[in-house]
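J.: Below is one structure. I have some questions about it.
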Amino acid sequence: MELQRAFTRPDELLRAVALDPADFSADVKARQLFPLRVPRPFVHLMEAGNPHDPLLRQVLPLRQEFHAPAGYSTDPLHEQSADTAKDEAKGLLHKYRSRVLIILKGGCAINCRYCFRRHFPYDEVRFDQHQLEQTLAYLSNHPDVNEVILSGGDPLMASDHQLQRIIAALADIPTLKRVRIHSRLPVVIPARITQELVVALTATRLKASLVIHANHANEISPSLGESMAVLRQAGVHLFNQSVLLKGVNDTPDALVNLSERLFDIDVLPYYLHQLDKVIGAAHFEVTDTKAQYLWQQMNIRLPGFLVPKLVREVGGEHSKTPIMPDGNVTKLSAFE
Ligand SMILES: *Cc1c(COP(=O)(O)O)cnc(C)c1O
Ligand code: SF4
């Protein structure tokens, strides 16, 4: 299937988009820092011959990845130490009061160069029957938790059968109300939304949401639209989260178009994340001042429900941290 057919070699990816690998010889060495992995449906959305294509930029190794400025680390969110439920249930992250995160599956269908997971051997992670039992016990002892978020890596790398079993087991915990999946897979391989998955998500009393991850309007394909329509008709709530990325979506037009295209396929913008400061991703950084300017422009040009929350994840905080506009509008006009 599509996962096996994904590009893993920079030269093949470059040729597929009509670029000459010889022009990138100093760049592709960055592949040793984090493997290249790009499913073909995502490549088909790139513009041939454009080295600055916003989708290509997210996945192509670049020589800038060898730079490690001050403030960047391999574990910017202190995730390994913040695994607060670790002793009681491995693979469970309980940082926010009412919801827990299950690390269901290590790998991803696509390797995004800006991802904070680029330094972890997440491919080895598996969520087995024993962990499921530990998780159910933990949830029974923590009635404050009313939502479970399946995360990863990418939780849709798990089989439909496993997802169905986990969600059915979660539905037996009376204090749980919601199940949520955070996944980039529907964007990069829309066919991942199978009938079995739709049934697994909607077969129980739990309210189901799916948060997809698209950063640019060009990622919103007709086949993604078809997959979202199936989910919506089945009653799944649909949201999107993005990362603000220099050279990809750091203009008012790019962000406005993304929100418009998302709503065209019935997906609501949820979060716009500031980059996690992970070594190898510094060339994607957008300053907070510029981020605030972009967010203000979105407010001017979009209805409120199409403006995502601008946030940063700060290790140890009890929710995502909003990046509030500082009101200094004259300074912001410097970006026009
Ligand atoms: C982002 C996140 C959540 C979910 O937060 P919401 O604001 O509900 O989307 C939960 N747990 C952890 C550890 C997270 O990082
Ligand atoms: S976790 Fe998300 S952002 Fe990171 S590599 Fe996987 S799909 Fe990309």
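Chain lettering (A, B, ...) mirrors the order of the structure tokens, residue numbering begins at 1 for each chain separately, and ligand numbering begins at 1 in order of display.
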Could you name the residues that touch range 157-172 of chain A at 10 Å or less, counting only C-alpha atoms, but leaving out those on the same chain fewer than 6 positions away, as a PyMOL selection string?
T.: chain A and resi 3+104-109+126-129+132-133+135-136+139-140+147-148+150+178-180+183+185+192-208
J.: Do you know which residues are within 6 Å of ligand 1 using only C-alpha atoms and all ligand atoms? Can you write them as a list in words?
T.: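 Based on only C-alpha atoms and all ligand atoms, ligand 1 is surrounded within 6 Å by Leu93, Lys95, Tyr96, Arg99, Val100, Leu101, Ser319 and Lys320 of chain A.
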J.: Would you save the residues of that selection, restricted to all heavy atoms, as a compact mmCIF listing (two decimals), in the first residue's frame?
T.:
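Result written to out.txt:
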# COMPACT_ATOMS: atom_id res chain seq x y z
N LEU A 93 0.38 10.02 28.88
CA LEU A 93 0.90 11.34 29.25
C LEU A 93 -0.25 12.12 29.87
O LEU A 93 -1.25 12.41 29.20
CB LEU A 93 1.38 12.04 27.97
CG LEU A 93 2.70 12.80 27.97
CD1 LEU A 93 3.86 11.91 28.33
CD2 LEU A 93 2.93 13.41 26.59
N LYS A 95 -0.69 15.49 31.46
CA LYS A 95 -0.16 16.80 31.82
C LYS A 95 -1.30 17.79 32.05
O LYS A 95 -1.17 18.71 32.84
CB LYS A 95 0.75 17.34 30.70
CG LYS A 95 2.05 16.55 30.55
CD LYS A 95 3.15 17.37 29.87
CE LYS A 95 2.96 17.49 28.39
NZ LYS A 95 4.15 18.06 27.70
N TYR A 96 -2.40 17.61 31.31
CA TYR A 96 -3.53 18.54 31.38
C TYR A 96 -4.66 17.87 32.13
O TYR A 96 -4.94 16.69 31.91
CB TYR A 96 -3.99 18.92 29.97
CG TYR A 96 -2.93 19.58 29.10
CD1 TYR A 96 -3.19 19.87 27.77
CD2 TYR A 96 -1.68 19.93 29.62
CE1 TYR A 96 -2.25 20.48 26.96
CE2 TYR A 96 -0.72 20.54 28.82
CZ TYR A 96 -1.02 20.81 27.50
OH TYR A 96 -0.08 21.41 26.71
N ARG A 99 -7.69 15.79 30.34
CA ARG A 99 -7.45 14.88 29.22
C ARG A 99 -6.06 14.26 29.30
O ARG A 99 -5.11 14.88 29.75
CB ARG A 99 -7.65 15.58 27.86
CG ARG A 99 -6.98 16.92 27.71
CD ARG A 99 -8.04 18.03 27.70
NE ARG A 99 -7.46 19.29 27.25
CZ ARG A 99 -7.18 20.31 28.07
NH1 ARG A 99 -7.39 20.23 29.37
NH2 ARG A 99 -6.66 21.42 27.59
N VAL A 100 -6.00 13.02 28.83
CA VAL A 100 -4.73 12.31 28.79
C VAL A 100 -4.40 11.97 27.35
O VAL A 100 -5.28 11.90 26.48
CB VAL A 100 -4.75 10.99 29.60
CG1 VAL A 100 -4.94 11.26 31.08
CG2 VAL A 100 -5.79 10.03 29.07
N LEU A 101 -3.12 11.78 27.12
CA LEU A 101 -2.64 11.49 25.79
C LEU A 101 -2.03 10.09 25.81
O LEU A 101 -1.24 9.77 26.69
CB LEU A 101 -1.59 12.55 25.47
CG LEU A 101 -1.31 12.94 24.05
CD1 LEU A 101 -1.29 14.47 23.98
CD2 LEU A 101 0.05 12.44 23.67
N SER A 319 -1.60 23.81 30.17
CA SER A 319 -2.34 23.87 28.90
C SER A 319 -1.37 24.45 27.89
O SER A 319 -0.26 24.85 28.24
CB SER A 319 -3.56 24.78 29.03
OG SER A 319 -3.14 26.13 29.13
N LYS A 320 -1.79 24.50 26.62
CA LYS A 320 -0.98 25.22 25.64
C LYS A 320 -0.95 26.71 26.05
O LYS A 320 -1.93 27.23 26.58
CB LYS A 320 -1.60 25.10 24.25
CG LYS A 320 -1.94 23.68 23.84
CD LYS A 320 -0.78 23.01 23.14
CE LYS A 320 -1.18 21.65 22.62
NZ LYS A 320 -0.71 20.53 23.47
J.: Can you list, as number ranges by chain, every protein, DNA or RNA residue that comes within 10 Å of Arg232 in chain A when you count only C-alpha atoms, leaving out same-chain residues fewer than 4 positions away?
T.: A: 198, 209-210, 226-228, 236-238, 265-267
J.: For the selection just defined, write its residues with N, CA, C and O atoms to a file, as an mmCIF file, in the first residue's frame.
T.:
data_model
loop_
_atom_site.group_PDB
_atom_site.id
_atom_site.type_symbol
_atom_site.label_atom_id
_atom_site.label_comp_id
_atom_site.auth_asym_id
_atom_site.auth_seq_id
_atom_site.Cartn_x
_atom_site.Cartn_y
_atom_site.Cartn_z
ATOM 1 N N VAL A 198 -13.911 4.569 10.212
ATOM 2 C CA VAL A 198 -15.085 5.389 10.520
ATOM 3 C C VAL A 198 -15.977 4.645 11.513
ATOM 4 O O VAL A 198 -16.465 5.234 12.492
ATOM 5 N N SER A 209 -13.585 13.073 17.851
ATOM 6 C CA SER A 209 -13.030 14.166 17.052
ATOM 7 C C SER A 209 -11.764 13.694 16.377
ATOM 8 O O SER A 209 -11.053 12.832 16.895
ATOM 9 N N LEU A 210 -11.506 14.309 15.241
ATOM 10 C CA LEU A 210 -10.247 14.074 14.530
ATOM 11 C C LEU A 210 -9.594 15.434 14.315
ATOM 12 O O LEU A 210 -10.228 16.362 13.800
ATOM 13 N N GLU A 226 -12.988 14.391 0.231
ATOM 14 C CA GLU A 226 -13.899 13.235 0.212
ATOM 15 C C GLU A 226 -13.820 12.454 1.519
ATOM 16 O O GLU A 226 -14.839 12.032 2.069
ATOM 17 N N SER A 227 -12.593 12.258 2.018
ATOM 18 C CA SER A 227 -12.441 11.521 3.283
ATOM 19 C C SER A 227 -13.092 12.273 4.441
ATOM 20 O O SER A 227 -13.729 11.676 5.310
ATOM 21 N N MET A 228 -12.940 13.598 4.462
ATOM 22 C CA MET A 228 -13.528 14.383 5.541
ATOM 23 C C MET A 228 -15.058 14.349 5.465
ATOM 24 O O MET A 228 -15.745 14.318 6.485
ATOM 25 N N VAL A 236 -18.310 12.661 13.091
ATOM 26 C CA VAL A 236 -17.009 12.956 13.704
ATOM 27 C C VAL A 236 -16.737 14.456 13.582
ATOM 28 O O VAL A 236 -16.941 15.049 12.515
ATOM 29 N N HIS A 237 -16.291 15.069 14.682
ATOM 30 C CA HIS A 237 -15.951 16.497 14.673
ATOM 31 C C HIS A 237 -14.551 16.677 14.100
ATOM 32 O O HIS A 237 -13.633 15.964 14.497
ATOM 33 N N LEU A 238 -14.406 17.653 13.193
ATOM 34 C CA LEU A 238 -13.164 17.765 12.421
ATOM 35 C C LEU A 238 -12.467 19.095 12.686
ATOM 36 O O LEU A 238 -13.060 20.168 12.563
ATOM 37 N N ILE A 265 -13.780 22.122 3.247
ATOM 38 C CA ILE A 265 -13.956 20.680 3.440
ATOM 39 C C ILE A 265 -14.457 20.385 4.865
ATOM 40 O O ILE A 265 -14.278 19.272 5.381
ATOM 41 N N ASP A 266 -15.080 21.395 5.495
ATOM 42 C CA ASP A 266 -15.755 21.212 6.789
ATOM 43 C C ASP A 266 -14.817 20.931 7.955
ATOM 44 O O ASP A 266 -15.192 20.262 8.913
ATOM 45 N N VAL A 267 -13.599 21.447 7.876
ATOM 46 C CA VAL A 267 -12.633 21.300 8.970
ATOM 47 C C VAL A 267 -12.410 22.684 9.583
ATOM 48 O O VAL A 267 -12.194 23.657 8.855
#
J.: Listing only residues of chain A within 10 Å of ligand 2, what is the closest atom pair and its distance in Å (to one decimal) for each, using only C-alpha atoms and all ligand atoms, sorted by chain and residue number ascending, as CSV?
T.:
residue,atom,partner,partner_atom_place_in_ligand_line,distance
A:Phe34,CA,ligand 2,5 (S),9.8
A:Arg37,CA,ligand 2,5 (S),9.1
A:Gln58,CA,ligand 2,8 (Fe),8.9
A:Val59,CA,ligand 2,8 (Fe),8.9
A:Gly106,CA,ligand 2,1 (S),8.6
A:Gly107,CA,ligand 2,6 (Fe),7.0
A:Cys108,CA,ligand 2,6 (Fe),4.6
A:Ala109,CA,ligand 2,7 (S),6.7
A:Ile110,CA,ligand 2,7 (S),5.5
A:Asn111,CA,ligand 2,5 (S),4.1
A:Cys112,CA,ligand 2,8 (Fe),4.2
A:Arg113,CA,ligand 2,5 (S),7.1
A:Tyr114,CA,ligand 2,3 (S),7.0
A:Cys115,CA,ligand 2,4 (Fe),4.3
A:Phe116,CA,ligand 2,4 (Fe),6.6
A:Arg117,CA,ligand 2,4 (Fe),5.8
A:Arg118,CA,ligand 2,5 (S),7.1
A:Tyr122,CA,ligand 2,1 (S),9.7
A:Ser151,CA,ligand 2,1 (S),8.4
A:Gly152,CA,ligand 2,1 (S),6.4
A:Gly153,CA,ligand 2,1 (S),4.6
A:Asp154,CA,ligand 2,6 (Fe),5.9
A:Pro155,CA,ligand 2,1 (S),9.4
A:His182,CA,ligand 2,2 (Fe),8.6
A:Ser183,CA,ligand 2,7 (S),6.8
A:Arg184,CA,ligand 2,7 (S),4.9
A:Leu185,CA,ligand 2,7 (S),7.0
A:Val187,CA,ligand 2,7 (S),9.5
A:Val188,CA,ligand 2,7 (S),8.9
A:Ile212,CA,ligand 2,2 (Fe),9.4
A:His213,CA,ligand 2,2 (Fe),7.3
A:Ala214,CA,ligand 2,3 (S),9.5
A:Ser242,CA,ligand 2,3 (S),9.1
A:Val243,CA,ligand 2,3 (S),8.4
J.: Name the closest residue to Lys290 in chain A among the candidates A:Asp264, A:Asp250, A:Asp144, A:Glu313; distances are taken between atoms, counting only C-alpha atoms.
T.: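 For Lys290 in chain A, the nearest of the given residues is A:Asp250.
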J.: Which residue gives the smallest distance to Ser223 in chain A among A:Ile189, A:Ala89, A:Leu275, A:Val125, with only C-alpha atoms counted?
T.: A:Ile189
J.: Please report, as a list in words, each residue of range 178-293 of chain A to which DSSP assigns strand (DSSP E) when run on this structure's backbone.
T.: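 The strand (DSSP E) subset of range 178-293 of chain A is Arg178, Val179, Arg180, Ile181, His182, Ser183, Lys207, Ala208, Ser209, Leu210, Val211, Ile212, His213, His237, Leu238, Phe239, Asn240, Gln241, Ser242, Val243, Leu268, Pro269, Tyr270, Tyr271, Leu272 and His273 of chain A.
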J.: Identify which of the residues A:His67, A:Lys90, A:Lys246, A:Arg40 lies closest to Gln134 in chain A, counting only C-alpha atoms when measuring atom-to-atom distances.
T.: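 Among the listed residues, the smallest separation from Gln134 in chain A belongs to A:Lys90.
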J.: Could you tell me which of A:Leu245, A:Leu231, A:Ala18, A:Ile279 comes closest to Arg57 in chain A if we count only C-alpha atoms?
T.: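 Among the listed residues, the smallest separation from Arg57 in chain A belongs to A:Leu245.
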J.: For range 269-273 of chain A, find every residue with an atom within 6 Å (counting only C-alpha atoms), except residues of its own chain fewer than 4 positions away, and show them as a ChimeraX atom specification.
T.: /A:239-244,306,308-312
J.: Could you check the closest approach to Gly280 in chain A for each of A:Tyr138, A:Phe7, A:Phe42, A:Tyr72 and tell me which residue wins, using only C-alpha atoms?
T.: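 That would be A:Tyr72, the residue with the smallest distance to Gly280 in chain A.
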J.: Identify all residues of range 88-259 of chain A in helix (DSSP H, G or I) (DSSP on the backbone) and supply them as an MDAnalysis selection string.
T.: chainID A and resid 116:119 122:124 129:141 155:157 160:170 185:188 190:192 195:202 217:219 222:233 252:259
J.: How about saving the chosen residues, C-alpha atoms kept, as a CSV table (one decimal), in the first residue's frame?
T.:
chain,number,residue,atom,x,y,z
A,116,PHE,CA,10.3,17.8,17.8
A,117,ARG,CA,10.1,14.0,17.6
A,118,ARG,CA,13.1,13.9,15.2
A,119,HIS,CA,15.5,12.9,18.0
A,122,TYR,CA,9.8,6.5,18.5
A,123,ASP,CA,9.6,3.8,15.9
A,124,GLU,CA,10.0,1.3,18.8
A,129,GLN,CA,-2.7,-5.2,25.7
A,130,HIS,CA,-0.9,-4.8,29.0
A,131,GLN,CA,-0.6,-1.1,28.6
A,132,LEU,CA,-4.3,-0.9,27.6
A,133,GLU,CA,-5.2,-2.6,30.9
A,134,GLN,CA,-2.9,-0.2,32.8
A,135,THR,CA,-4.5,2.7,31.1
A,136,LEU,CA,-8.0,1.6,31.8
A,137,ALA,CA,-7.1,1.2,35.5
A,138,TYR,CA,-5.5,4.6,35.5
A,139,LEU,CA,-8.6,6.2,34.0
A,140,SER,CA,-10.8,4.5,36.6
A,141,ASN,CA,-8.7,6.0,39.3
A,155,PRO,CA,-2.0,7.0,15.9
A,156,LEU,CA,-3.4,6.1,12.5
A,157,MET,CA,-0.3,4.0,11.8
A,160,ASP,CA,-8.3,-0.3,12.3
A,161,HIS,CA,-8.7,-3.4,14.4
A,162,GLN,CA,-6.5,-2.2,17.2
A,163,LEU,CA,-8.1,1.2,17.2
A,164,GLN,CA,-11.6,-0.4,17.3
A,165,ARG,CA,-10.5,-2.5,20.3
A,166,ILE,CA,-9.0,0.4,22.2
A,167,ILE,CA,-11.9,2.8,21.6
A,168,ALA,CA,-14.4,0.1,22.6
A,169,ALA,CA,-12.5,-0.6,25.8
A,170,LEU,CA,-12.4,3.2,26.6
A,185,LEU,CA,-2.1,10.7,8.0
A,186,PRO,CA,-5.4,11.8,6.4
A,187,VAL,CA,-3.6,14.7,4.8
A,188,VAL,CA,-0.7,12.8,3.4
A,190,PRO,CA,-6.4,10.5,2.4
A,191,ALA,CA,-7.2,6.8,1.6
A,192,ARG,CA,-6.3,6.0,5.2
A,195,GLN,CA,-14.9,2.5,6.3
A,196,GLU,CA,-13.6,0.3,9.2
A,197,LEU,CA,-11.9,3.4,10.8
A,198,VAL,CA,-15.1,5.4,10.5
A,199,VAL,CA,-17.0,2.6,12.2
A,200,ALA,CA,-14.3,2.2,15.0
A,201,LEU,CA,-14.6,6.0,15.7
A,202,THR,CA,-18.4,6.1,15.8
A,217,ALA,CA,-3.7,25.3,1.5
A,218,ASN,CA,-2.0,23.1,-1.2
A,219,GLU,CA,-2.3,20.2,1.2
A,222,PRO,CA,-10.0,16.7,-3.4
A,223,SER,CA,-9.4,13.3,-1.9
A,224,LEU,CA,-8.9,14.7,1.5
A,225,GLY,CA,-12.2,16.5,1.1
A,226,GLU,CA,-13.9,13.2,0.2
A,227,SER,CA,-12.4,11.5,3.3
A,228,MET,CA,-13.5,14.4,5.5
A,229,ALA,CA,-17.0,14.3,4.1
A,230,VAL,CA,-17.4,10.6,5.0
A,231,LEU,CA,-16.2,11.3,8.6
A,232,ARG,CA,-18.5,14.3,9.0
A,233,GLN,CA,-21.5,12.4,7.7
A,252,PRO,CA,-1.2,36.5,5.8
A,253,ASP,CA,-2.3,35.1,2.4
A,254,ALA,CA,-1.0,31.6,3.1
A,255,LEU,CA,-2.7,31.5,6.5
A,256,VAL,CA,-6.0,33.0,5.3
A,257,ASN,CA,-6.1,30.6,2.3
A,258,LEU,CA,-5.4,27.6,4.6
A,259,SER,CA,-8.4,28.5,6.8
J.: Have a look at CA of Ala16 in chain A and CA of Asn215 in chain A and let me know their distance in Å, one decimal.
T.: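 Here the two named atoms are 21.5 Å from each other.
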J.: Work out how far CA of Met46 in chain A is from CA of Val28 in chain A, in Å to one decimal.
T.: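 Going from CA of Val28 in chain A over to CA of Met46 in chain A, I get 18.4 Å.
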